[in-house]
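K.L.:
Input protein-v9.cif, format and content: mmCIF, C-alpha atoms.
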```
data_input
loop_
_atom_site.label_atom_id
_atom_site.label_comp_id
_atom_site.auth_asym_id
_atom_site.auth_seq_id
_atom_site.Cartn_x
_atom_site.Cartn_y
_atom_site.Cartn_z
CA MET A 1 10.21 -16.72 -21.93
CA ARG A 2 13.58 -18.34 -21.25
CA SER A 3 14.50 -19.15 -17.67
CA ARG A 4 16.15 -16.50 -15.52
CA MET A 5 19.51 -18.28 -15.47
CA ASP A 6 19.50 -18.92 -19.23
CA ARG A 7 18.83 -15.21 -19.85
CA TYR A 8 21.53 -14.26 -17.38
CA GLU A 9 24.12 -16.53 -19.01
CA ALA A 10 23.25 -15.17 -22.45
CA PHE A 11 23.52 -11.61 -21.12
CA LEU A 12 26.91 -12.28 -19.57
CA THR A 13 28.39 -14.01 -22.61
CA GLU A 14 26.78 -11.94 -25.37
CA GLN A 15 25.63 -8.53 -24.09
CA TYR A 16 27.49 -7.32 -20.99
CA ARG A 17 30.56 -5.91 -22.74
CA HIS A 18 28.64 -4.80 -25.82
CA GLY A 19 26.44 -2.58 -23.66
CA PHE A 20 29.26 -0.09 -23.17
CA THR A 21 29.12 0.71 -26.90
CA LYS A 22 25.40 1.59 -26.86
CA SER A 23 25.52 4.94 -25.12
CA ASP A 24 23.10 6.55 -27.59
CA GLU A 25 19.96 4.69 -26.49
CA TYR A 26 18.24 7.58 -24.73
CA SER A 27 16.22 10.68 -25.59
CA LEU A 28 16.51 14.28 -24.41
CA ASP A 29 13.46 15.43 -26.38
CA GLU A 30 11.42 16.07 -23.23
CA LEU A 31 14.09 18.08 -21.44
CA SER A 32 12.95 21.69 -21.13
CA GLU A 33 15.06 24.30 -22.89
CA SER A 34 15.17 26.49 -19.78
CA LEU A 35 16.52 23.69 -17.59
CA ARG A 36 18.95 22.63 -20.30
CA ALA A 37 20.24 26.21 -20.53
CA ARG A 38 20.73 26.46 -16.76
CA ILE A 39 22.71 23.20 -16.76
CA ALA A 40 24.90 24.38 -19.65
CA GLU A 41 25.53 27.70 -17.90
CA GLY A 42 26.94 25.90 -14.86
CA HIS A 43 24.08 26.89 -12.56
CA PHE A 44 24.01 23.53 -10.74
CA LYS A 45 26.81 22.68 -8.32
CA ARG A 46 25.46 19.33 -7.18
CA VAL A 47 23.17 16.50 -8.27
CA VAL A 48 20.85 14.49 -6.02
CA PHE A 49 19.65 11.11 -7.31
CA THR A 50 16.83 9.14 -5.82
CA GLY A 51 15.35 5.82 -6.90
CA MET A 52 14.85 2.24 -5.82
CA GLY A 53 16.77 -0.94 -6.58
CA CYS A 54 18.53 -1.05 -9.92
CA SER A 55 17.06 2.28 -10.98
CA ALA A 56 19.25 3.91 -8.35
CA ILE A 57 22.38 1.74 -8.34
CA VAL A 58 23.87 3.27 -11.47
CA SER A 59 23.88 6.65 -9.69
CA ASP A 60 26.05 5.10 -6.95
CA VAL A 61 28.46 3.86 -9.63
CA VAL A 62 28.54 7.25 -11.34
CA ARG A 63 29.08 9.01 -8.02
CA ALA A 64 32.05 6.79 -7.10
CA PHE A 65 33.52 7.21 -10.57
CA PHE A 66 33.27 11.00 -10.47
CA ILE A 67 34.85 11.08 -7.00
CA SER A 68 37.75 9.00 -8.36
CA THR A 69 38.28 11.43 -11.24
CA GLY A 70 37.93 14.60 -9.16
CA THR A 71 34.91 15.79 -11.14
CA GLU A 72 33.80 19.22 -10.01
CA VAL A 73 30.07 18.50 -9.52
CA GLU A 74 29.00 17.10 -6.15
CA PHE A 75 26.79 13.98 -6.20
CA HIS A 76 24.41 12.62 -3.56
CA VAL A 77 22.25 9.48 -3.67
CA PHE A 78 19.34 8.37 -1.47
CA ASN A 79 16.96 5.43 -1.85
CA ASP A 80 13.57 6.42 -0.47
CA TYR A 81 11.19 9.37 -0.51
CA ASP A 82 11.45 10.44 3.14
CA TYR A 83 14.39 12.64 2.27
CA ALA A 84 14.38 14.75 5.44
CA TYR A 85 16.14 11.89 7.26
CA LEU A 86 18.55 11.14 4.43
CA LEU A 87 19.84 14.51 3.22
CA PRO A 88 20.33 17.92 4.86
CA SER A 89 17.74 20.51 3.85
CA SER A 90 20.66 22.74 2.84
CA VAL A 91 21.36 20.25 0.03
CA ILE A 92 17.87 19.36 -1.16
CA ASP A 93 16.48 22.91 -0.97
CA ASP A 94 19.43 24.68 -2.57
CA GLU A 95 18.53 26.20 -5.95
CA GLN A 96 21.91 24.99 -7.22
CA THR A 97 20.91 21.35 -6.63
CA LEU A 98 19.64 19.40 -9.64
CA ILE A 99 17.32 16.56 -8.61
CA ILE A 100 17.03 13.37 -10.68
CA LEU A 101 14.22 10.92 -9.91
CA SER A 102 15.02 7.54 -11.42
CA SER A 103 12.63 4.68 -12.18
CA TYR A 104 13.30 2.51 -15.20
CA SER A 105 9.75 1.16 -15.31
CA GLY A 106 8.15 4.41 -14.21
CA HIS A 107 5.80 2.38 -12.03
CA SER A 108 7.65 2.24 -8.71
CA MET A 109 5.66 4.04 -6.05
CA GLU A 110 8.55 5.56 -4.10
CA PRO A 111 9.82 7.84 -6.90
CA ALA A 112 6.22 8.96 -7.50
CA ARG A 113 5.93 9.85 -3.82
CA ALA A 114 9.26 11.67 -3.98
CA PHE A 115 7.94 13.55 -7.03
CA ARG A 116 5.02 14.85 -4.98
CA ALA A 117 7.09 15.52 -1.86
CA LEU A 118 9.54 17.59 -3.91
CA ALA A 119 6.91 19.58 -5.80
CA HIS A 120 8.66 22.80 -4.76
CA ALA A 121 11.70 21.67 -6.81
CA HIS A 122 9.96 20.62 -10.05
CA HIS A 123 11.67 23.49 -11.91
CA ARG A 124 15.07 21.87 -11.20
CA MET A 125 14.06 18.25 -11.53
CA ILE A 126 14.61 15.56 -14.19
CA LEU A 127 12.74 12.27 -14.38
CA LEU A 128 14.92 9.43 -15.64
CA THR A 129 12.59 6.70 -16.90
CA SER A 130 11.38 4.61 -19.82
CA GLY A 131 7.78 5.73 -19.28
CA GLY A 132 5.03 4.54 -16.95
CA ARG A 133 3.21 6.53 -14.30
CA LEU A 134 6.27 8.64 -13.47
CA ALA A 135 6.46 9.91 -17.05
CA GLU A 136 2.73 10.69 -16.96
CA LEU A 137 3.19 12.72 -13.78
CA GLY A 138 6.07 14.57 -15.38
CA ARG A 139 4.12 15.44 -18.50
CA GLU A 140 1.14 16.66 -16.46
CA ALA A 141 3.37 18.90 -14.32
CA GLY A 142 5.67 20.04 -17.11
CA VAL A 143 8.73 18.42 -15.51
CA SER A 144 11.71 17.48 -17.67
CA ILE A 145 12.20 13.85 -18.68
CA ILE A 146 15.19 11.89 -19.96
CA ARG A 147 14.04 8.62 -21.52
CA TRP A 148 15.87 5.32 -21.46
CA GLU A 149 15.43 3.78 -24.92
CA LEU A 150 17.27 0.46 -24.60
CA SER A 151 16.99 -1.67 -27.72
CA GLU A 152 17.39 -5.02 -25.92
CA PRO A 153 16.08 -4.58 -22.37
CA ASP A 154 15.47 -7.44 -20.00
CA ARG A 155 12.12 -6.36 -18.62
CA GLU A 156 12.33 -8.42 -15.42
CA TYR A 157 15.95 -7.68 -14.49
CA PRO A 158 17.12 -4.17 -15.44
CA LEU A 159 20.26 -4.79 -13.35
CA PHE A 160 21.60 -6.64 -16.40
CA HIS A 161 22.10 -3.26 -18.05
CA VAL A 162 23.98 -1.21 -15.45
CA GLY A 163 27.04 -1.03 -17.74
CA GLN A 164 24.94 0.49 -20.50
CA TYR A 165 23.16 2.83 -18.06
CA PHE A 166 26.58 4.01 -16.90
CA ALA A 167 27.71 4.67 -20.47
CA ILE A 168 24.52 6.60 -21.22
CA LEU A 169 24.67 8.79 -18.12
CA LEU A 170 28.30 9.76 -18.70
CA GLU A 171 27.40 10.79 -22.24
CA VAL A 172 24.30 12.69 -21.11
CA PHE A 173 26.13 14.59 -18.38
CA TYR A 174 28.87 15.62 -20.79
CA ARG A 175 26.46 16.48 -23.58
CA LEU A 176 24.43 18.70 -21.25
CA GLY A 177 27.55 20.37 -19.87
CA LEU A 178 27.05 19.12 -16.32
CA VAL A 179 30.64 17.81 -16.39
CA ARG A 180 33.44 19.18 -18.51
CA GLN A 181 35.32 15.98 -19.32
CA ASP A 182 34.23 13.59 -22.06
CA PHE A 183 34.76 10.00 -20.91
CA GLY A 184 33.28 8.49 -24.06
CA ASP A 185 36.52 7.06 -25.46
CA GLU A 186 37.32 5.35 -22.16
CA VAL A 187 33.85 3.81 -21.98
CA ARG A 188 33.90 2.60 -25.58
CA ALA A 189 37.31 1.01 -25.00
CA LEU A 190 35.98 -1.08 -22.10
CA PRO A 191 35.04 -4.18 -24.15
CA ASP A 192 38.63 -4.51 -25.40
CA HIS A 193 40.06 -3.70 -21.98
CA LEU A 194 37.83 -6.28 -20.27
CA ALA A 195 38.93 -8.91 -22.78
CA HIS A 196 42.42 -8.29 -21.42
CA ASP A 197 41.66 -7.46 -17.77
CA PHE A 198 39.22 -10.27 -16.99
CA THR A 199 41.50 -13.29 -17.06
CA ASP A 200 41.17 -17.05 -16.68
CA ALA A 201 42.34 -16.52 -13.11
CA HIS A 202 39.32 -14.29 -12.44
CA ARG A 203 36.99 -16.91 -13.89
CA GLU A 204 38.59 -19.69 -11.83
CA LEU A 205 38.41 -17.58 -8.66
CA ALA A 206 34.70 -16.92 -9.34
CA ASP A 207 34.07 -20.65 -9.65
CA THR A 208 36.05 -21.30 -6.45
CA ALA A 209 34.15 -18.60 -4.56
CA ALA A 210 30.84 -20.03 -5.83
CA LEU A 211 31.77 -23.51 -4.61
CA ARG A 212 32.75 -22.11 -1.21
CA SER A 213 29.50 -20.09 -1.03
CA ARG A 214 27.03 -22.93 -1.61
CA GLU A 215 24.47 -23.18 1.20
CA ALA A 216 26.27 -20.33 2.98
CA ASN A 217 25.51 -16.81 4.07
CA VAL A 218 27.60 -14.63 1.78
CA ILE A 219 29.29 -11.68 3.51
CA MET A 220 30.98 -9.06 1.31
CA ILE A 221 33.33 -6.43 2.71
CA ALA A 222 35.40 -3.68 1.11
CA SER A 223 36.67 -0.16 1.66
CA PRO A 224 34.31 2.84 1.14
CA ALA A 225 35.11 3.34 -2.56
CA TRP A 226 33.48 -0.02 -3.31
CA HIS A 227 30.82 -0.41 -0.63
CA GLU A 228 28.06 1.64 -2.27
CA SER A 229 29.10 1.23 -5.88
CA LEU A 230 30.28 -2.37 -6.28
CA LEU A 231 29.02 -4.30 -3.26
CA LYS A 232 25.52 -2.85 -3.48
CA LEU A 233 25.19 -4.06 -7.07
CA ALA A 234 26.91 -7.37 -6.24
CA LYS A 235 24.33 -7.96 -3.52
CA MET A 236 21.55 -7.34 -6.04
CA HIS A 237 23.00 -9.92 -8.43
CA LEU A 238 23.40 -12.51 -5.69
CA ASN A 239 19.98 -11.82 -4.14
CA GLU A 240 17.93 -11.43 -7.32
CA ILE A 241 19.63 -13.80 -9.75
CA ALA A 242 21.39 -16.48 -7.69
CA MET A 243 18.74 -15.98 -4.97
CA VAL A 244 21.19 -16.55 -2.13
CA PRO A 245 21.44 -14.54 1.12
CA ALA A 246 24.16 -11.92 0.79
CA THR A 247 25.09 -8.95 2.95
CA ARG A 248 27.67 -6.18 2.67
CA ASN A 249 29.47 -3.78 4.94
CA TYR A 250 32.39 -1.42 5.14
CA PHE A 251 35.48 -3.41 6.00
CA HIS A 252 36.41 -1.45 9.13
CA GLU A 253 32.82 -1.38 10.43
CA PHE A 254 32.59 -5.15 9.91
CA CYS A 255 35.66 -5.65 12.09
CA HIS A 256 34.06 -3.60 14.88
CA SER A 257 30.73 -5.46 14.90
CA GLU A 258 29.56 -8.16 12.51
CA VAL A 259 32.72 -10.25 12.72
CA ALA A 260 31.35 -11.49 16.07
CA THR A 261 28.73 -13.59 14.21
CA LEU A 262 31.56 -15.79 12.89
CA SER A 263 31.98 -17.27 16.37
CA ASP A 264 29.26 -19.89 15.79
CA PRO A 265 30.78 -23.07 14.27
CA THR A 266 27.39 -24.44 13.12
CA ARG A 267 26.55 -21.68 10.64
CA LYS A 268 28.20 -21.69 7.25
CA HIS A 269 29.56 -18.36 6.08
CA SER A 270 31.39 -17.35 2.93
CA VAL A 271 33.36 -14.16 3.45
CA LEU A 272 34.32 -12.28 0.26
CA VAL A 273 37.03 -9.70 0.89
CA PHE A 274 37.39 -7.23 -1.99
CA ALA A 275 40.95 -5.95 -1.61
CA ASP A 276 41.82 -2.77 -3.52
CA ASP A 277 45.47 -2.46 -4.48
CA GLU A 278 45.12 1.24 -3.58
CA ASP A 279 43.84 0.63 -0.06
CA ASP A 280 46.05 2.34 2.53
CA ASP A 281 48.65 0.38 4.47
CA TYR A 282 46.54 0.31 7.64
CA THR A 283 43.63 -1.30 5.75
CA LYS A 284 45.91 -3.80 4.02
CA GLY A 285 47.45 -4.81 7.33
CA LYS A 286 44.06 -5.12 8.99
CA MET A 287 42.77 -7.29 6.11
CA LYS A 288 45.78 -9.57 6.46
CA ASN A 289 45.06 -9.86 10.17
CA LEU A 290 41.39 -10.72 9.54
CA LEU A 291 42.29 -13.36 6.98
CA GLY A 292 44.63 -14.92 9.53
CA LEU A 293 41.94 -14.92 12.22
CA LEU A 294 39.33 -16.56 9.98
CA THR A 295 41.59 -19.21 8.41
CA SER A 296 43.46 -20.40 11.50
CA ASP A 297 42.90 -23.98 12.64
CA LEU A 298 40.10 -23.45 15.14
CA PRO A 299 36.74 -25.24 15.50
CA GLN A 300 34.86 -21.96 14.93
CA ASN A 301 36.56 -21.54 11.53
CA ARG A 302 35.66 -24.93 10.10
CA ASN A 303 32.39 -23.63 8.65
CA ILE A 304 33.90 -20.40 7.35
CA GLU A 305 35.22 -19.96 3.83
CA VAL A 306 37.25 -16.86 3.01
CA THR A 307 37.99 -15.61 -0.49
CA GLN A 308 40.09 -12.56 -1.23
CA ILE A 309 39.23 -10.85 -4.53
CA PRO A 310 42.02 -8.53 -5.72
CA LEU A 311 40.82 -5.25 -7.23
CA THR A 312 43.51 -4.18 -9.66
CA GLY A 313 43.64 -2.06 -12.79
CA PRO A 314 45.01 1.21 -14.12
CA THR A 315 41.72 3.16 -13.74
CA PHE A 316 38.66 3.10 -11.52
CA MET A 317 36.46 2.27 -14.51
CA ARG A 318 38.50 -0.76 -15.58
CA LYS A 319 38.89 -1.95 -12.00
CA TYR A 320 35.16 -1.59 -11.30
CA PHE A 321 33.81 -3.38 -14.37
CA THR A 322 36.38 -6.17 -14.16
CA ALA A 323 35.21 -6.75 -10.59
CA LEU A 324 31.58 -6.64 -11.71
CA GLU A 325 32.31 -9.29 -14.33
CA PHE A 326 33.79 -11.43 -11.56
CA VAL A 327 30.61 -10.94 -9.51
CA GLN A 328 28.47 -11.93 -12.48
CA HIS A 329 30.41 -15.15 -13.07
CA LEU A 330 30.12 -15.92 -9.33
CA THR A 331 26.37 -15.26 -9.53
CA LEU A 332 25.95 -17.47 -12.58
CA ALA A 333 27.77 -20.38 -10.95
CA LEU A 334 25.81 -20.03 -7.69
CA GLY A 335 22.52 -19.62 -9.50
CA ARG A 336 23.15 -22.74 -11.58
CA ALA A 337 24.08 -24.67 -8.43
CA HIS A 338 20.84 -23.78 -6.66
CA GLU A 339 18.38 -23.30 -9.58
CA THR A 340 15.89 -21.64 -7.24
CA GLU A 341 12.55 -20.85 -8.87
CA SER A 342 11.50 -17.22 -8.53
CA ARG A 343 8.40 -16.40 -6.48
CA ASN A 344 8.27 -12.89 -7.99
CA LEU A 345 8.81 -11.59 -4.46
CA ILE A 346 10.42 -8.33 -5.57
CA SER A 347 7.53 -7.17 -7.77
CA GLU A 348 4.98 -8.26 -5.16
CA ALA A 349 6.78 -6.87 -2.11
CA ALA A 350 7.53 -3.60 -3.92
CA GLY A 351 3.97 -3.34 -5.20
CA ASN A 352 5.11 -3.00 -8.81
CA PRO A 353 3.45 -5.60 -11.09
CA TRP A 354 5.31 -4.24 -14.13
CA TYR A 355 8.26 -6.54 -13.30
CA HIS A 356 6.10 -9.56 -12.44
CA GLY A 357 6.63 -12.64 -14.63
CA ASP A 358 2.88 -13.11 -15.08
CA THR A 359 2.48 -9.54 -16.31
CA ILE A 360 5.32 -9.93 -18.78
CA LEU A 361 3.96 -13.20 -20.14
CA ALA A 362 0.43 -11.82 -20.40
CA GLU A 363 1.61 -8.77 -22.34
CA ALA A 364 3.70 -10.97 -24.66
CA ALA A 365 0.68 -13.22 -25.33
CA ALA A 366 -1.48 -10.20 -26.15
CA ARG A 367 0.90 -8.94 -28.83
#
```
How does this structure look as structure tokens?
P.N.:
Amino acid sequence: MRSRMDRYEAFLTEQYRHGFTKSDEYSLDELSESLRARIAEGHFKRVVFTGMGCSAIVSDVVRAFFISTGTEVEFHVFNDYDYAYLLPSSVIDDEQTLIILSSYSGHSMEPARAFRALAHAHHRMILLTSGGRLAELGREAGVSIIRWELSEPDREYPLFHVGQYFAILLEVFYRLGLVRQDFGDEVRALPDHLAHDFTDAHRELADTAALRSREANVIMIASPAWHESLLKLAKMHLNEIAMVPATRNYFHEFCHSEVATLSDPTRKHSVLVFADDEDDDYTKGKMKNLLGLLTSDLPQNRNIEVTQIPLTGPTFMRKYFTALEFVQHLTLALGRAHETESRNLISEAAGNPWYHGDTILAEAAAR
């Protein structure tokens, strides 16, 4: 198996944009006719997603996208199984709420626990998975399943494929009648748009940000539209692929709390400010003020690097995936600089050996 960074570079240069054109790599064969009919009839007014890690992040992207387009269906996302503390009972127990449990591998324990905890809602539940134990539970209980059927999956790092997951879910939601607007043409046009939108300046800024972020704690801040959708996924890339410490927060919340940590001149920090050209004037002014505070000639600032990443583009979709491409180039440069060897901590800490490098190699050897 090729090294993590070699696979990541090949993904970024050869597969990332192409993934938007592969929105047909799924199956609805295990979706019950009764549930499908209720969706088509407009019975469901909201969707609740739950999952862990990358299996859930695409739902955050979809949610932000649908908010930006004014889509009529309400979306909620939570990342655990103890839902009583994360969502009001009026949402989770409403018969007009469709629940989607997501686990690409099907072997994560938390979605399986959520499956059991939400047994009273199995008649309005969909399992989004490629198989595994979650699919087995669904078949045994007669719960509907939508299958991921990716032709070129990276088994260890499903986060490579968020662009394709996004394309698939938009097609599925339209095909089922959950949303009325077909976004297929916009998604399929993304490779050409990204060839135009992601410029040499973006690539150079990614390299500059990577250089500034070496041996530093990376702090990412942005307005709410990007905190859950973009920064959450960016943190995954930096943590899992570059294997560097990275945190995220809402811009205004950061200014009311975490900014205090930048008072220590001995710690190196790299602050990445994602600045949306549609942020309101108050936010823009406050960002300008923060940049001035952190770049002024003071001893406390001499170990702080600040990079402003402009978020521009004619649509949310183009703006988002251009920014994600920037994040991926930043991750590649940082990962190459550090070349940290994986300890398989995610699979071991999460208790899911399906993602473990040893499991993957053993299965490959047995074929």
K.L.:
Can you pull out every residue within 9 Å of segment 193-200 of chain A, counting only C-alpha atoms, but drop anything in the same chain fewer than 4 positions away, and send it as a compact mmCIF listing (two decimals) with C-alpha atoms, keeping the file's coordinate frame?
P.N.:
```txt
# COMPACT_ATOMS: atom_id res chain seq x y z
CA ARG A 17 30.56 -5.91 -22.74
CA ALA A 189 37.31 1.01 -25.00
CA GLU A 204 38.59 -19.69 -11.83
CA LEU A 205 38.41 -17.58 -8.66
CA THR A 312 43.51 -4.18 -9.66
CA GLY A 313 43.64 -2.06 -12.79
CA ARG A 318 38.50 -0.76 -15.58
CA LYS A 319 38.89 -1.95 -12.00
CA PHE A 321 33.81 -3.38 -14.37
CA THR A 322 36.38 -6.17 -14.16
CA ALA A 323 35.21 -6.75 -10.59
CA GLU A 325 32.31 -9.29 -14.33
CA PHE A 326 33.79 -11.43 -11.56
```
K.L.:
Within 10 Å of Ser347 of chain A, counting only C-alpha atoms, which residues show up once you throw out same-chain ones fewer than 5 positions away? Write them as an MDAnalysis selection string, please.
P.N.:
chainID A and resid 108 156 352:357
K.L.:
Name the residues that the PyMOL selection byres ((chain A and resi 75-90) around 8) pulls out of this structure, and write them as a list in words.
P.N.:
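This file gives the following for the PyMOL selection byres ((chain A and resi 75-90) around 8): Arg46, Val47, Val48, Phe49, Thr50, Gly51, Met52, Gly53, Ala56, Ser59, Asp60, Arg63, Val73, Glu74, Val91, Ile92, Asp93, Asp94, Glu110, Pro111, Arg113, Ala114 and Ala117 of chain A.
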K.L.:
If the box runs along x, y and z of the file and leaves 3 Å on each side of segment 275-285 of chain A, what are its centre and edge lengths in Å, one decimal, as JSON?
P.N.:
```
{"center_x": 44.8, "center_y": -1.8, "center_z": 1.6, "size_x": 13.7, "size_y": 14.3, "size_z": 18.1}
```
K.L.:
Can you tell me which residues surround Asp279 of chain A at a distance of at most 10 Å, considering only C-alpha atoms, apart from same-chain residues fewer than 2 positions away, and format the answer as a list of chain:residue names?
P.N.:
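The residues satisfying every condition are A:Ala222, A:Ser223, A:Pro224, A:Ala225, A:Ala275, A:Asp276, A:Asp277, A:Asp281, A:Tyr282, A:Thr283, A:Lys284, A:Gly285, A:Leu311.
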K.L.:
Please report the interatomic distance between atom CA of Arg175 of chain A and atom CA of Leu231 of chain A in Å with one decimal.
P.N.:
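Atom CA of Leu231 of chain A lies 29.2 Å from atom CA of Arg175 of chain A.
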K.L.:
Go through A:Ala337, A:Leu190, A:Met317, A:Leu332 and flag the residue nearest Ala64 of chain A, using all atoms listed in the file for the distances.
P.N.:
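Residue with the minimum atom-to-atom distance to Ala64 of chain A: A:Met317.
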